[in-house]
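Participant: So here's model.txt, just compact mmCIF, C-alpha atoms and all ligand atoms:
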```
# COMPACT_ATOMS: atom_id res chain seq x y z
CA MET A 25 4.63 -2.86 67.39
CA GLU A 26 4.92 -6.28 65.81
CA ARG A 27 8.10 -8.32 65.68
CA LEU A 28 9.81 -8.74 62.32
CA PRO A 29 8.71 -11.67 60.13
CA GLY A 30 10.83 -14.78 60.66
CA PHE A 31 11.98 -13.68 64.15
CA ARG A 32 10.75 -15.21 67.40
CA ASP A 33 9.73 -14.22 70.90
CA PHE A 34 10.49 -16.96 73.42
CA TYR A 35 8.03 -17.03 76.33
CA PRO A 36 8.28 -18.99 79.56
CA ASP A 37 5.74 -21.83 79.87
CA PRO A 38 2.75 -21.90 79.93
CA LEU A 39 2.77 -20.26 76.51
CA PRO A 40 0.33 -17.44 75.71
CA PRO A 41 -2.23 -18.28 72.97
CA GLY A 42 -0.72 -18.22 69.48
CA GLU A 43 2.88 -18.16 70.73
CA PRO A 44 4.65 -21.41 69.79
CA TRP A 45 8.20 -20.75 71.02
CA SER A 46 8.98 -21.79 74.59
CA CYS A 47 12.05 -20.47 76.37
CA ASP A 48 11.87 -23.55 78.64
CA LEU A 49 12.12 -25.82 75.61
CA ARG A 50 14.98 -23.70 74.28
CA GLN A 51 16.84 -24.18 77.57
CA HIS A 52 16.22 -27.92 77.41
CA ILE A 53 17.61 -28.03 73.84
CA PHE A 54 20.69 -26.02 74.83
CA ARG A 55 21.26 -28.28 77.85
CA CYS A 56 21.14 -31.50 75.80
CA TRP A 57 23.37 -29.97 73.10
CA ARG A 58 25.96 -28.88 75.64
CA ASP A 59 25.89 -32.11 77.67
CA THR A 60 26.36 -34.36 74.66
CA ALA A 61 29.12 -32.22 73.13
CA ARG A 62 30.88 -32.37 76.50
CA ARG A 63 30.53 -36.18 76.61
CA TYR A 64 32.44 -36.28 73.30
CA GLY A 65 35.23 -34.09 74.70
CA PHE A 66 34.21 -30.92 72.82
CA ARG A 67 35.09 -27.49 74.24
CA GLU A 68 32.83 -24.46 73.85
CA TYR A 69 33.88 -21.36 71.84
CA ASP A 70 32.05 -18.35 70.40
CA GLY A 71 32.71 -15.62 67.88
CA PRO A 72 31.18 -12.28 66.83
CA PRO A 73 27.59 -12.16 65.49
CA LEU A 74 28.68 -9.51 62.96
CA GLU A 75 31.48 -10.35 60.50
CA PRO A 76 33.10 -8.78 57.43
CA LEU A 77 30.85 -9.47 54.43
CA GLU A 78 33.84 -10.90 52.61
CA LEU A 79 34.02 -13.85 55.00
CA TYR A 80 30.93 -15.26 53.29
CA THR A 81 30.93 -13.94 49.74
CA ASN A 82 33.52 -16.36 48.40
CA LYS A 83 33.37 -19.20 50.95
CA SER A 84 29.80 -20.20 51.68
CA GLY A 85 28.21 -20.57 48.26
CA ALA A 86 25.58 -18.64 46.33
CA GLU A 87 22.51 -19.71 48.32
CA ILE A 88 23.68 -18.39 51.69
CA VAL A 89 25.15 -15.22 50.16
CA ALA A 90 21.76 -14.41 48.61
CA GLN A 91 20.24 -14.69 52.10
CA LEU A 92 22.64 -12.41 53.97
CA PHE A 93 21.52 -9.65 56.31
CA ASN A 94 24.26 -7.26 55.24
CA PHE A 95 24.84 -3.51 55.35
CA ASN A 96 27.57 -0.90 55.57
CA ASP A 97 28.34 0.10 59.16
CA LYS A 98 28.99 3.68 60.26
CA GLY A 99 32.67 3.24 59.43
CA ASP A 100 31.59 2.24 55.90
CA ARG A 101 32.69 -1.36 56.36
CA ALA A 102 30.71 -3.97 54.45
CA VAL A 103 29.43 -6.31 57.20
CA ALA A 104 26.99 -9.21 57.57
CA MET A 105 25.13 -10.84 60.45
CA ARG A 106 26.52 -14.37 60.61
CA PRO A 107 24.39 -16.78 58.54
CA GLU A 108 26.48 -19.78 59.64
CA MET A 109 29.36 -20.45 62.01
CA THR A 110 31.77 -22.42 59.84
CA PRO A 111 33.72 -19.52 58.25
CA THR A 112 34.05 -17.91 61.70
CA VAL A 113 35.41 -21.03 63.37
CA ALA A 114 37.74 -21.68 60.40
CA ARG A 115 39.08 -18.14 60.81
CA MET A 116 39.52 -18.58 64.59
CA VAL A 117 41.30 -21.91 64.18
CA ALA A 118 43.53 -20.60 61.37
CA ARG A 119 44.57 -17.74 63.64
CA SER A 120 45.23 -19.68 66.84
CA GLU A 121 45.59 -23.38 66.06
CA ARG A 122 49.14 -23.48 67.43
CA ALA A 123 47.81 -22.91 70.93
CA TYR A 124 45.78 -26.14 70.82
CA ARG A 125 46.62 -29.81 70.62
CA LYS A 126 45.17 -31.62 67.58
CA PRO A 127 42.64 -32.80 66.90
CA ILE A 128 40.76 -29.74 68.05
CA ARG A 129 37.19 -30.57 69.12
CA TRP A 130 35.07 -27.46 69.49
CA PHE A 131 31.37 -26.65 69.74
CA SER A 132 29.26 -23.51 69.79
CA MET A 133 25.55 -22.61 69.92
CA PRO A 134 25.30 -19.34 67.92
CA GLN A 135 22.18 -17.51 66.81
CA LEU A 136 22.35 -17.21 63.02
CA PHE A 137 20.56 -14.94 60.56
CA ARG A 138 19.41 -15.73 57.03
CA TYR A 139 16.98 -13.67 55.00
CA GLU A 140 14.93 -16.69 53.89
CA LYS A 141 11.32 -16.95 52.90
CA GLN A 142 9.58 -17.74 56.18
CA GLN A 143 8.13 -21.27 56.03
CA LYS A 144 7.77 -24.42 58.12
CA GLY A 145 11.20 -25.20 59.55
CA ARG A 146 12.84 -22.09 58.10
CA LEU A 147 12.96 -18.70 59.82
CA ARG A 148 15.15 -15.61 59.56
CA GLU A 149 17.01 -16.43 62.75
CA HIS A 150 17.75 -19.72 64.42
CA PHE A 151 20.10 -21.21 66.96
CA GLN A 152 22.47 -23.85 65.71
CA LEU A 153 24.63 -26.33 67.53
CA ASN A 154 27.95 -26.41 65.67
CA CYS A 155 30.40 -29.21 66.39
CA ASP A 156 33.64 -29.19 64.42
CA LEU A 157 36.86 -31.15 64.52
CA PHE A 158 40.15 -29.84 63.10
CA GLY A 159 43.43 -31.58 62.33
CA GLU A 160 42.37 -35.12 61.44
CA SER A 161 41.97 -36.38 57.88
CA ASP A 162 41.29 -40.03 58.78
CA VAL A 163 37.75 -41.23 58.16
CA SER A 164 37.53 -42.24 61.84
CA ALA A 165 36.93 -38.52 62.48
CA ASP A 166 33.99 -38.53 60.05
CA ALA A 167 32.51 -41.48 61.94
CA GLU A 168 33.09 -39.70 65.25
CA MET A 169 31.11 -36.67 64.05
CA VAL A 170 28.24 -38.79 62.77
CA ALA A 171 28.17 -40.67 66.10
CA LEU A 172 28.06 -37.33 67.93
CA LEU A 173 25.17 -36.17 65.75
CA VAL A 174 23.28 -39.40 66.47
CA ASP A 175 23.92 -39.14 70.20
CA VAL A 176 22.80 -35.50 70.31
CA LEU A 177 19.46 -36.57 68.83
CA ARG A 178 19.24 -39.60 71.13
CA SER A 179 19.78 -37.35 74.15
CA PHE A 180 16.30 -35.89 73.48
CA GLY A 181 14.74 -39.37 73.63
CA LEU A 182 14.57 -39.73 69.83
CA THR A 183 14.92 -43.32 68.54
CA PRO A 184 15.89 -45.03 65.25
CA GLY A 185 12.16 -44.91 64.44
CA ASP A 186 12.25 -41.11 64.65
CA PHE A 187 15.29 -40.07 62.63
CA VAL A 188 17.94 -41.21 60.18
CA VAL A 189 21.29 -39.76 59.15
CA ARG A 190 21.74 -39.90 55.38
CA LEU A 191 25.39 -40.31 54.47
CA SER A 192 26.95 -39.34 51.20
CA SER A 193 30.26 -38.31 49.71
CA ARG A 194 31.29 -35.36 47.58
CA GLN A 195 34.28 -37.43 46.46
CA ALA A 196 31.93 -40.11 45.14
CA TRP A 197 30.07 -37.44 43.17
CA GLN A 198 33.31 -35.84 42.09
CA ARG A 199 34.51 -39.20 40.68
CA PHE A 200 31.13 -39.66 38.99
CA PHE A 201 31.42 -36.22 37.38
CA ALA A 202 35.08 -36.64 36.36
CA ALA A 203 34.32 -40.04 34.77
CA ARG A 204 31.89 -38.23 32.46
CA GLY A 205 34.45 -35.64 31.47
CA GLY A 206 33.31 -32.95 33.93
CA ALA A 207 35.85 -30.16 34.42
CA PRO A 208 36.99 -29.70 38.07
CA GLU A 209 36.12 -25.97 37.97
CA ARG A 210 32.51 -26.84 37.15
CA ALA A 211 32.18 -29.46 39.92
CA TYR A 212 30.42 -27.09 42.38
CA GLU A 213 27.94 -26.07 39.70
CA PHE A 214 27.23 -29.78 39.21
CA TYR A 215 26.83 -30.38 42.99
CA GLN A 216 24.29 -27.56 43.16
CA VAL A 217 22.17 -29.15 40.44
CA VAL A 218 22.26 -32.50 42.28
CA ASP A 219 21.42 -30.71 45.56
CA LYS A 220 18.28 -29.21 44.04
CA MET A 221 17.22 -32.32 42.08
CA ASP A 222 14.51 -33.44 44.52
CA ARG A 223 13.01 -29.93 44.70
CA GLU A 224 13.16 -28.99 41.04
CA ALA A 225 11.14 -30.13 38.00
CA PRO A 226 12.94 -33.08 36.30
CA GLU A 227 13.04 -31.17 33.00
CA ALA A 228 14.93 -28.28 34.63
CA SER A 229 17.45 -30.61 36.31
CA SER A 230 17.82 -32.63 33.12
CA GLU A 231 18.59 -29.51 31.09
CA LYS A 232 21.21 -28.26 33.56
CA LEU A 233 22.84 -31.69 33.86
CA ARG A 234 22.99 -32.06 30.09
CA SER A 235 24.93 -28.78 29.85
CA LEU A 236 27.42 -30.38 32.26
CA GLY A 237 27.72 -33.57 30.21
CA VAL A 238 25.58 -35.75 32.54
CA SER A 239 22.20 -37.34 31.90
CA LEU A 240 19.45 -37.19 34.51
CA ALA A 241 18.91 -40.95 34.23
CA GLU A 242 22.51 -41.81 35.13
CA ALA A 243 22.48 -39.40 38.09
CA GLN A 244 19.22 -40.98 39.27
CA GLU A 245 20.66 -44.49 38.89
CA PHE A 246 23.72 -43.50 40.91
CA ILE A 247 21.43 -42.28 43.70
CA ALA A 248 19.12 -45.31 43.54
CA ALA A 249 22.09 -47.70 43.87
CA SER A 250 23.90 -45.61 46.54
CA ILE A 251 26.69 -48.18 46.73
CA PRO A 252 28.97 -47.15 49.61
CA GLU A 253 32.37 -45.97 48.43
CA PRO A 254 35.29 -47.18 50.64
CA GLU A 255 35.28 -44.01 52.80
CA LEU A 256 31.58 -44.49 53.53
CA GLN A 257 31.97 -48.19 54.21
CA ALA A 258 34.63 -47.29 56.80
CA VAL A 259 32.19 -44.89 58.48
CA LEU A 260 29.48 -47.57 58.50
CA ASP A 261 31.86 -50.14 60.05
CA ASN A 262 32.95 -47.68 62.71
CA LEU A 263 29.33 -46.90 63.64
CA GLU A 264 28.52 -50.61 63.66
CA ALA A 265 31.23 -51.12 66.32
CA ARG A 266 29.50 -48.50 68.48
CA GLY A 267 26.07 -50.07 68.03
CA LEU A 268 24.87 -47.01 66.08
CA ARG A 269 24.60 -48.55 62.60
CA GLU A 270 20.79 -48.51 62.51
CA TYR A 271 20.75 -44.71 62.68
CA VAL A 272 22.48 -44.20 59.32
CA ARG A 273 21.92 -45.02 55.67
CA VAL A 274 23.94 -44.26 52.55
CA ASP A 275 21.98 -41.94 50.28
CA TYR A 276 23.69 -40.13 47.40
CA ALA A 277 20.71 -37.79 47.03
CA VAL A 278 22.45 -35.79 49.78
CA ILE A 279 25.30 -33.64 48.48
CA ARG A 280 24.90 -30.39 50.52
CA GLY A 281 24.48 -26.91 49.05
CA LEU A 282 27.44 -25.15 50.67
CA ALA A 283 30.54 -24.61 48.56
CA TYR A 284 33.30 -25.70 50.93
CA TYR A 285 32.56 -29.43 51.46
CA THR A 286 35.21 -31.79 50.09
CA GLY A 287 34.49 -35.32 51.39
CA VAL A 288 31.92 -37.25 53.42
CA VAL A 289 28.71 -35.21 53.82
CA PHE A 290 25.55 -36.02 55.78
CA GLU A 291 22.13 -34.77 56.79
CA ALA A 292 19.72 -35.87 59.51
CA PHE A 293 16.02 -36.18 58.73
CA ASP A 294 12.94 -37.38 60.58
CA ARG A 295 12.04 -40.91 59.42
CA LYS A 296 8.55 -39.98 58.31
CA GLY A 297 9.85 -37.23 56.05
CA GLU A 298 7.49 -34.62 57.55
CA PHE A 299 10.12 -31.98 58.25
CA ARG A 300 13.07 -30.23 56.63
CA ALA A 301 16.63 -31.35 57.49
CA ILE A 302 17.32 -31.38 61.24
CA ALA A 303 21.08 -31.12 60.77
CA GLY A 304 23.72 -31.13 58.08
CA GLY A 305 27.47 -31.22 57.78
CA GLY A 306 30.53 -32.82 56.33
CA ARG A 307 34.24 -32.56 55.66
CA TYR A 308 35.74 -29.29 54.45
CA ASP A 309 39.50 -29.79 54.21
CA GLN A 310 40.29 -26.62 52.23
CA LEU A 311 38.42 -23.94 54.17
CA VAL A 312 41.02 -23.20 56.85
CA GLY A 313 43.58 -22.76 54.05
CA GLN A 314 41.19 -20.46 52.16
CA VAL A 315 40.38 -18.15 55.09
CA SER A 316 44.09 -17.90 56.00
CA GLU A 317 45.17 -17.32 52.39
CA GLY A 318 47.14 -20.54 52.42
CA ARG A 319 49.01 -19.77 55.66
CA VAL A 320 47.49 -22.68 57.62
CA GLN A 321 46.32 -25.98 56.16
CA LEU A 322 44.20 -28.13 58.46
CA PRO A 323 41.70 -30.83 57.57
CA ALA A 324 38.31 -30.10 59.12
CA LEU A 325 34.79 -31.41 59.42
CA GLY A 326 31.64 -30.78 61.40
CA PHE A 327 27.92 -30.26 61.41
CA GLY A 328 25.22 -27.77 62.33
CA MET A 329 21.90 -28.65 63.96
CA GLY A 330 19.19 -26.00 64.07
CA ASP A 331 16.73 -25.54 66.93
CA VAL A 332 13.69 -24.86 64.70
CA VAL A 333 13.15 -28.25 63.03
CA LEU A 334 14.37 -30.02 66.15
CA ALA A 335 11.74 -28.26 68.31
CA GLU A 336 9.01 -29.10 65.77
CA LEU A 337 10.05 -32.76 65.78
CA LEU A 338 10.23 -32.94 69.59
CA LYS A 339 6.75 -31.43 69.85
CA ALA A 340 5.36 -33.87 67.27
CA ARG A 341 6.83 -36.84 69.16
CA GLY A 342 5.69 -35.65 72.62
CA LEU A 343 9.28 -35.07 73.78
CA ALA A 344 9.03 -31.31 74.24
CA SER A 345 7.81 -30.96 77.80
CA PRO A 346 10.92 -31.05 79.90
CA ALA A 347 10.41 -30.87 83.65
CA GLY A 348 12.01 -28.16 85.76
CA GLY A 349 12.99 -24.62 85.01
CA GLY A 350 10.08 -23.23 87.00
CA VAL A 351 9.55 -22.00 90.54
CA ASP A 352 10.13 -24.56 93.22
CA VAL A 353 8.85 -22.88 96.44
CA VAL A 354 6.30 -20.12 97.01
CA VAL A 355 6.49 -18.39 100.37
CA LEU A 356 2.99 -17.27 101.38
CA VAL A 357 2.87 -14.04 103.39
CA GLU A 358 -0.63 -14.12 104.85
CA ASP A 359 0.12 -12.20 108.03
CA GLU A 360 1.85 -8.88 107.25
CA SER A 361 3.34 -8.76 110.76
CA LEU A 362 5.44 -11.75 109.63
CA ARG A 363 6.75 -10.12 106.44
CA ARG A 364 10.24 -9.46 107.82
CA ASP A 365 10.58 -13.05 109.03
CA SER A 366 9.16 -14.28 105.71
CA LEU A 367 11.75 -12.24 103.79
CA ALA A 368 14.50 -13.80 105.89
CA CYS A 369 13.05 -17.22 105.04
CA VAL A 370 12.91 -16.37 101.28
CA GLN A 371 16.54 -15.29 101.45
CA ARG A 372 17.67 -18.48 103.25
CA LEU A 373 15.90 -20.68 100.71
CA ARG A 374 17.42 -18.80 97.78
CA GLU A 375 20.89 -18.96 99.29
CA ALA A 376 20.38 -22.72 99.52
CA GLY A 377 19.79 -22.77 95.75
CA ARG A 378 15.97 -23.06 95.73
CA SER A 379 13.89 -21.10 93.21
CA VAL A 380 11.51 -18.98 95.28
CA ASP A 381 8.59 -16.65 94.53
CA TYR A 382 6.43 -14.65 96.98
CA SER A 383 3.99 -11.77 96.91
CA LEU A 384 5.86 -8.43 96.90
CA THR A 385 2.87 -6.54 98.31
CA PRO A 386 0.04 -7.51 100.70
CA SER A 387 -2.38 -9.84 99.00
CA LYS A 388 -5.14 -12.28 99.97
CA GLY A 389 -4.03 -15.77 101.02
CA ASP A 390 -6.12 -17.60 98.41
CA LYS A 391 -4.75 -15.34 95.65
CA GLN A 392 -1.19 -16.18 96.71
CA PHE A 393 -2.02 -19.86 96.78
CA ARG A 394 -3.54 -19.72 93.28
CA ARG A 395 -0.36 -18.06 92.04
CA ALA A 396 1.69 -20.92 93.51
CA LEU A 397 -0.48 -23.37 91.54
CA ASP A 398 -0.21 -21.29 88.34
CA LEU A 399 3.57 -21.21 88.65
CA GLY A 400 3.63 -24.99 89.03
CA ALA A 401 5.44 -24.68 92.37
CA ARG A 402 6.13 -27.92 94.18
CA PHE A 403 5.97 -26.44 97.72
CA THR A 404 4.39 -23.63 99.68
CA VAL A 405 5.93 -22.33 102.87
CA ARG A 406 4.01 -20.20 105.37
CA LEU A 407 5.27 -18.71 108.64
CA GLU A 408 2.92 -18.72 111.64
CA ARG A 409 3.03 -17.84 115.29
CA THR A 410 2.24 -20.42 117.94
CA PRO A 411 0.00 -19.45 120.90
CA GLU A 412 3.30 -19.16 122.85
CA ASP A 413 4.45 -16.57 120.27
CA ALA A 414 7.16 -18.81 118.75
CA LEU A 415 7.66 -18.92 114.97
CA GLN A 416 6.86 -22.09 113.05
CA VAL A 417 6.81 -23.02 109.37
CA ARG A 418 3.94 -24.78 107.64
CA LEU A 419 5.43 -26.65 104.65
CA LYS A 420 3.03 -28.01 102.05
CA ASP A 421 4.03 -30.44 99.33
CA LEU A 422 1.55 -29.64 96.55
CA ARG A 423 2.34 -32.78 94.57
CA GLN A 424 2.14 -35.30 97.42
CA ARG A 425 -0.63 -33.28 99.12
CA GLN A 426 1.17 -33.52 102.46
CA GLU A 427 1.72 -30.89 105.09
CA GLN A 428 4.11 -30.64 107.99
CA VAL A 429 4.94 -28.06 110.61
CA VAL A 430 8.57 -27.50 111.58
CA GLU A 431 10.75 -25.00 113.40
CA PRO A 432 12.18 -22.38 110.98
CA GLU A 433 15.76 -23.61 111.53
CA ARG A 434 14.79 -27.10 110.33
CA LEU A 435 13.08 -26.01 107.09
CA LEU A 436 16.08 -26.61 104.78
CA GLU A 437 16.71 -29.96 106.41
CA VAL A 438 13.17 -31.29 105.80
CA LEU A 439 12.56 -29.70 102.40
CA PRO A 440 13.00 -32.49 99.82
CA ALA A 441 15.46 -31.90 96.99
CA VAL A 442 13.91 -31.33 93.56
P1 LIG A 501 23.12 -25.82 56.96
O1 LIG A 501 22.68 -27.09 56.33
O2 LIG A 501 22.97 -24.58 56.19
O3 LIG A 501 24.63 -26.05 57.37
O4 LIG A 501 22.36 -25.67 58.34
C1 LIG A 501 22.37 -26.69 59.31
C2 LIG A 501 21.00 -26.82 59.95
O5 LIG A 501 20.58 -25.56 60.47
C3 LIG A 501 19.88 -27.21 58.98
O6 LIG A 501 19.81 -28.61 58.82
C4 LIG A 501 18.66 -26.66 59.71
O7 LIG A 501 18.22 -27.53 60.75
C5 LIG A 501 19.18 -25.41 60.37
N1 LIG A 501 18.85 -24.21 59.58
C6 LIG A 501 19.51 -23.70 58.54
N2 LIG A 501 18.90 -22.60 58.08
C7 LIG A 501 17.81 -22.39 58.85
C8 LIG A 501 16.76 -21.44 58.89
N3 LIG A 501 16.71 -20.43 58.04
N4 LIG A 501 15.80 -21.57 59.83
C9 LIG A 501 15.84 -22.60 60.71
N5 LIG A 501 16.80 -23.53 60.73
C10 LIG A 501 17.77 -23.44 59.82
C11 LIG A 501 25.44 -25.09 57.90
O8 LIG A 501 25.05 -24.04 58.32
C12 LIG A 501 26.87 -25.54 58.05
N6 LIG A 501 27.67 -24.34 58.40
C13 LIG A 501 26.98 -26.63 59.08
C14 LIG A 501 28.37 -27.10 59.31
C15 LIG A 501 29.12 -26.97 60.43
N7 LIG A 501 29.11 -27.75 58.42
C16 LIG A 501 30.29 -28.01 58.96
N8 LIG A 501 30.30 -27.52 60.19
```
So that I can check it, write out the structure of this file as structure tokens.

Facilitator:
Amino acid sequence: MERLPGFRDFYPDPLPPGEPWSCDLRQHIFRCWRDTARRYGFREYDGPPLEPLELYTNKSGAEIVAQLFNFNDKGDRAVAMRPEMTPTVARMVARSERAYRKPIRWFSMPQLFRYEKQQKGRLREHFQLNCDLFGESDVSADAEMVALLVDVLRSFGLTPGDFVVRLSSRQAWQRFFAARGGAPERAYEFYQVVDKMDREAPEASSEKLRSLGVSLAEAQEFIAASIPEPELQAVLDNLEARGLREYVRVDYAVIRGLAYYTGVVFEAFDRKGEFRAIAGGGRYDQLVGQVSEGRVQLPALGFGMGDVVLAELLKARGLASPAGGGVDVVVLVEDESLRRDSLACVQRLREAGRSVDYSLTPSKGDKQFRRALDLGARFTVRLERTPEDALQVRLKDLRQRQEQVVEPERLLEVLPAV
């Protein structure tokens, strides 16, 4: 049986031939995501992986809706696997915002599902860090989210030479469109054309823009100039004060494909332009109102960062081999008459928080030792009997190539922390 196209198996390191996805790397990514979100005061939440289809059909925009994994469940409800987290978190906040002080800072790390054409950087499932802030319309919140995005990427050891956050503004584009007589109800159609401009043939974009009353040349000029509008200048100044200015650049080529964005929008890319977007987000001040049918109005903004492009970038920059996660001690049972004492030793080590492996059945000493090496263990521990029939422990540090013999009671005391 093969796995489905666009889905992944995550193996522990060392990876089997032809298997690119490491569960150790995934853990490392999750750890950095969680740690940085926590440093910014964000609290973790989660929601259901299956949602009513309707949550997406009129909120997310045509592209995501075309990619839904959706079906009718056994109760004949139209449902969809979540393709993104934003409608879910908007629904959760709309329902329970009174229980929380504003601004609400929340993060989540959901697995998401989109029926996309499988290609580099795009699969049919991915994990996505979502950080969102509710209840603040000041542009200082936009700057805070961009700073968080930058710091998440920095937490992996990525530098200004590795990535850049491209900042833009739907309001700037909305003003551009309105100044050319564009009708507000056609604004999203216009944004979608701009969003696809760098992927589509110029003739196709030109044709679509003309039908909206805009010429390709003036849209291109607007992008080439990318003069920061006041809201973007405020974000730049705020980031400057934090020493993070070099990580961002204003670029009106970014506009975002999703329907709900209303203000500052941004995307993170690798500097060399080798990969797809690492992350994307922006302000969406109407969505909470939309999902609650106008009951709750709360300004909101946030971003999503996928694990797929991030892992590719970390591998390409040599930042994907995090230490740890493996076995720390292997207890060698070379004398079966010492198995009971060895089990007691395994138990003591585990209770002390060490990660311990040992041979479950009798096996040759050299085979056990080879396994310790294969597992990348730092220490081996072997019980022995002295000529006087007392128990002693032979502790070997495989990295330092040192050995010492101690009484069993002193093992935890002499075993270095990892
Ligand atoms: P998005 O731009 O659709 O935004 O996705 C955010 C990131 O998720 C992308 O930059 C990419 O790294 C990753 N991603 C998306 N689709 C795939 C895929 N098929 N395979 C691998 N990675 C993928 C959103 O989803 C918004 N809901 C983000 C947001 C949160 N906006 C405000 N709050």

Participant: Can you tell me which residues surround A:Lys144 at a distance of at most 12 Å, considering only C-alpha atoms, apart from same-chain residues fewer than 6 positions away, and format the answer as a tab-separated table (two decimals) with C-alpha atoms, keeping the file's coordinate frame?

Facilitator:
```
chain	number	residue	atom	x	y	z
A	30	GLY	CA	10.83	-14.78	60.66
A	298	GLU	CA	7.49	-34.62	57.55
A	299	PHE	CA	10.12	-31.98	58.25
A	300	ARG	CA	13.07	-30.23	56.63
A	301	ALA	CA	16.63	-31.35	57.49
A	332	VAL	CA	13.69	-24.86	64.70
A	333	VAL	CA	13.15	-28.25	63.03
A	334	LEU	CA	14.37	-30.02	66.15
A	335	ALA	CA	11.74	-28.26	68.31
A	336	GLU	CA	9.01	-29.10	65.77
A	337	LEU	CA	10.05	-32.76	65.78
```

Participant: Taking all atoms listed in the file into account, which of A:Arg204, A:Arg50, A:Gln142, A:Leu338 comes nearest A:Gly237?

Facilitator: A:Arg204

Participant: Can I get the residues of chain A within 8 Å of ligand LIG 501 (chain A), each with the closest pair of atoms and their distance in Å to one decimal, using all atoms listed in the file, sorted chain first then ascending number, as CSV?

Facilitator:
```
residue,atom,partner,partner_atom,distance
A:Ile88,CA,A:LIG501,O2,7.7
A:Pro107,CA,A:LIG501,O8,7.3
A:Glu108,CA,A:LIG501,O8,4.7
A:Met109,CA,A:LIG501,N6,5.6
A:Thr110,CA,A:LIG501,N6,4.8
A:Pro111,CA,A:LIG501,N6,7.7
A:Phe137,CA,A:LIG501,N3,7.2
A:Arg138,CA,A:LIG501,N3,5.5
A:Tyr139,CA,A:LIG501,N3,7.4
A:Glu140,CA,A:LIG501,N3,5.9
A:Gln142,CA,A:LIG501,N3,7.8
A:Gly145,CA,A:LIG501,C9,5.4
A:Arg146,CA,A:LIG501,N4,3.5
A:Leu147,CA,A:LIG501,N4,4.0
A:Arg148,CA,A:LIG501,N3,5.3
A:Glu149,CA,A:LIG501,N4,6.0
A:His150,CA,A:LIG501,C9,5.1
A:Phe151,CA,A:LIG501,N5,7.4
A:Gln152,CA,A:LIG501,O5,5.8
A:Asn154,CA,A:LIG501,C15,5.4
A:Cys155,CA,A:LIG501,N8,6.4
A:Asp156,CA,A:LIG501,N8,5.6
A:Arg280,CA,A:LIG501,O1,7.0
A:Gly281,CA,A:LIG501,O1,7.5
A:Leu282,CA,A:LIG501,O2,7.1
A:Tyr285,CA,A:LIG501,N7,7.9
A:Glu291,CA,A:LIG501,O6,6.9
A:Ala292,CA,A:LIG501,O6,7.3
A:Arg300,CA,A:LIG501,O7,7.1
A:Ala301,CA,A:LIG501,O6,4.4
A:Ile302,CA,A:LIG501,O7,4.0
A:Ala303,CA,A:LIG501,O6,3.4
A:Gly304,CA,A:LIG501,O1,4.5
A:Gly305,CA,A:LIG501,N7,3.9
A:Gly306,CA,A:LIG501,C16,5.5
A:Arg307,CA,A:LIG501,C16,6.9
A:Tyr308,CA,A:LIG501,C16,7.2
A:Leu325,CA,A:LIG501,C16,5.7
A:Gly326,CA,A:LIG501,N8,3.7
A:Phe327,CA,A:LIG501,C15,3.6
A:Gly328,CA,A:LIG501,C13,3.9
A:Met329,CA,A:LIG501,C2,4.5
A:Gly330,CA,A:LIG501,C5,3.7
A:Asp331,CA,A:LIG501,N5,6.5
A:Val332,CA,A:LIG501,C9,5.1
A:Val333,CA,A:LIG501,O7,5.6
A:Leu334,CA,A:LIG501,O7,7.1
```

Participant: With distances taken over all atoms listed in the file, which of A:Ala340, A:Leu49, A:Leu419, A:Val189 is nearest to A:Val353?

Facilitator: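 Nearest to A:Val353: A:Leu419.
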
Participant: How many Å separate atom CA of A:Asp166 from atom CA of A:Asp186?

Facilitator: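 Distance reported for this atom pair: 22.4 Å.
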
Participant: Between A:Val315, A:Val430, A:Ala211, A:Val170, which one has atoms that come closest to A:Ala114, using only C-alpha atoms?

Facilitator: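 Of A:Val315, A:Val430, A:Ala211, A:Val170, the one nearest A:Ala114 is A:Val315, counting only C-alpha atoms.
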
Participant: Write out as a list of chain:residue names each polymer residue whose atoms come within 8 Å of stretch 257-270 of chain A, counting all atoms listed in the file; drop sequence neighbours fewer than 4 positions from it.

Facilitator: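 Residues near the query, excluding close chain neighbours: A:Val163, A:Ser164, A:Asp166, A:Ala167, A:Ala171, A:Val174, A:Pro184, A:Pro252, A:Glu253.
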
Participant: Calculate how many Å separate atom CA of A:Ser161 from atom CA of A:Tyr69, rounding to one decimal.

Facilitator: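 A separation of 22.0 Å between them.
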
Participant: Would you pick out the contacts of A:Gly206 at 12 Å or less, using all atoms listed in the file, so that residues sharing its chain but fewer than 4 positions from it are not included, and give the list as a VMD selection string?

Facilitator: chain A and resid 197 to 202 210 to 215 233 to 238

Participant: Could you give me, as number ranges by chain, the residues that sit within 12 Å of (16.2, -30.1, 80.5) in the file's coordinates, counting only C-alpha atoms?

Facilitator: A: 47-59, 179-181, 343-350
